[in-house]
Amino acid sequence: MIRAVSNMADREYLFALLALNSTYHNHKEQAAYTILGVEGAFFLGLFLLGNWPPGVDSVPDWLLALAFGLTWVLFHSALRFQLRNRRLAALRVDALIRTLEDDCDREAKLTEVERHRPGRLMRFIDDTLWPVKTATIDGDLGEVALTDGAKLPRHSPAAYTYREATLKAEFAQKAAGKYGWMMEWIITGGSAFLLLAALTRIIFDPGAPSDNPADRDLPVGATPAALVMSQADLAKVGSSSRITVTPSIHG
């Protein structure tokens with residue numbers, strides 16, 4: 001009777017965790033798409049708006065590249081935070097569902113959960129730059145406080161912790177598209193492409209301002225060829241007896 005009551009309380013606890021992590025997963029997914037949309041609008045605006053804000057042409061290319069690079073780091077770090085926690089929330093939901101579906105007690109085999117321990121570099125890369133599947137093992141939810149061969153009652157928090165750890169180890173060995181892994185790669189790669197496109201626009205822009213000091217005070221949108229005459233043209237004008245200007249009348 002006592003075990004039945006305890007088992008019922010454990011099930012309610014696991015169901016509450018399931019609801020919490022499902023909501024958390026959806027929130028991280030929506031936040032990631034929102035950040036990617038804002039980031040895309042910011043960097044693609046560089047192409048659509050042209051020379052904006054006014055006077056940006058006078059800023060050195062290296063300074064523009066540095067400014068856009070730092071801005072991208074802010075966007076990308078926030079994006080990676082959302083995607084990584086979305087992946088972990090999906091793994092927790094999977095572990096909770098499998099634990100609630102178990103119909104018998106289990107026996108812990110710690111060799112299944114101790115195979116992969118990522119270094120700090122891999123954790124840093126996964127947190128800020130690029131998805132690393134082995135980095136989902138260490139430090140996310142603590143160690144499995146179990147002994148090898150321990151009995152795990154079904155629908156218990158201990159059974160859930162063990163199930164979660166085994167899924168993390170399995171995921172580290174073969175992602176195979178689980179927990180939105182491929183989509184995480186695509187979104188992260190899209191963010192990196194935005195930075196590459198922005199830097200290409202800054203460095204190889206064919207409409208970049210001239211290095212001639214005489215061209216720096218031209219009106220925005222005007223080209224030097226349209227306003228500045230060459231020395232040969234000036235000589236021709238000087239040799240002419242008269243220049244006739246014919247006004248254009250419209251309407």
# chains A, B, ... in the order shown; residues from 1 in each chain; ligands from 1
>>> residues_around(residues="region 91-108 of chain A", least_positions_apart="3", cutoff="7 Å", atoms="only C-alpha atoms", output="number ranges by chain")
A: 14, 18, 21-22, 87-88, 148-155, 159-160, 163-164, 179
>>> residues_around(residues="Tyr33 (chain A)", least_positions_apart="4", cutoff="12 Å", atoms="only C-alpha atoms", output="JSON, numbers by chain")
{"A": [26, 27, 28, 29, 37, 38, 39, 40, 75, 76, 78, 79, 80, 82, 83, 86, 183, 184, 186, 187, 188, 190, 191]}
>>> atom_distance(atom1="CA of Ala89 (chain A)", atom2="CA of Tyr24 (chain A)")
6.8 Å
>>> residues_around(residues="Trp72 (chain A)", least_positions_apart="6", cutoff="10 Å", atoms="only C-alpha atoms", output="MDAnalysis selection string")
chainID A and resid 39 42:43 66 78 191:192 194:195 198
>>> atom_distance(atom1="CA of Asn85 (chain A)", atom2="CA of Met182 (chain A)")
15.1 Å
>>> atom_distance(atom1="CA of Gly69 (chain A)", atom2="CA of Ile202 (chain A)")
11.4 Å
>>> residues_around(residues="Arg11 (chain A)", least_positions_apart="3", cutoff="9 Å", atoms="only C-alpha atoms", output="PyMOL selection string")
chain A and resi 6-8+14-16+100+155-157
>>> closest_residue(among="A:Phe193, A:Trp185, A:Phe81, A:Phe204", to="Ile35 (chain A)", atoms="only C-alpha atoms")
A:Phe81
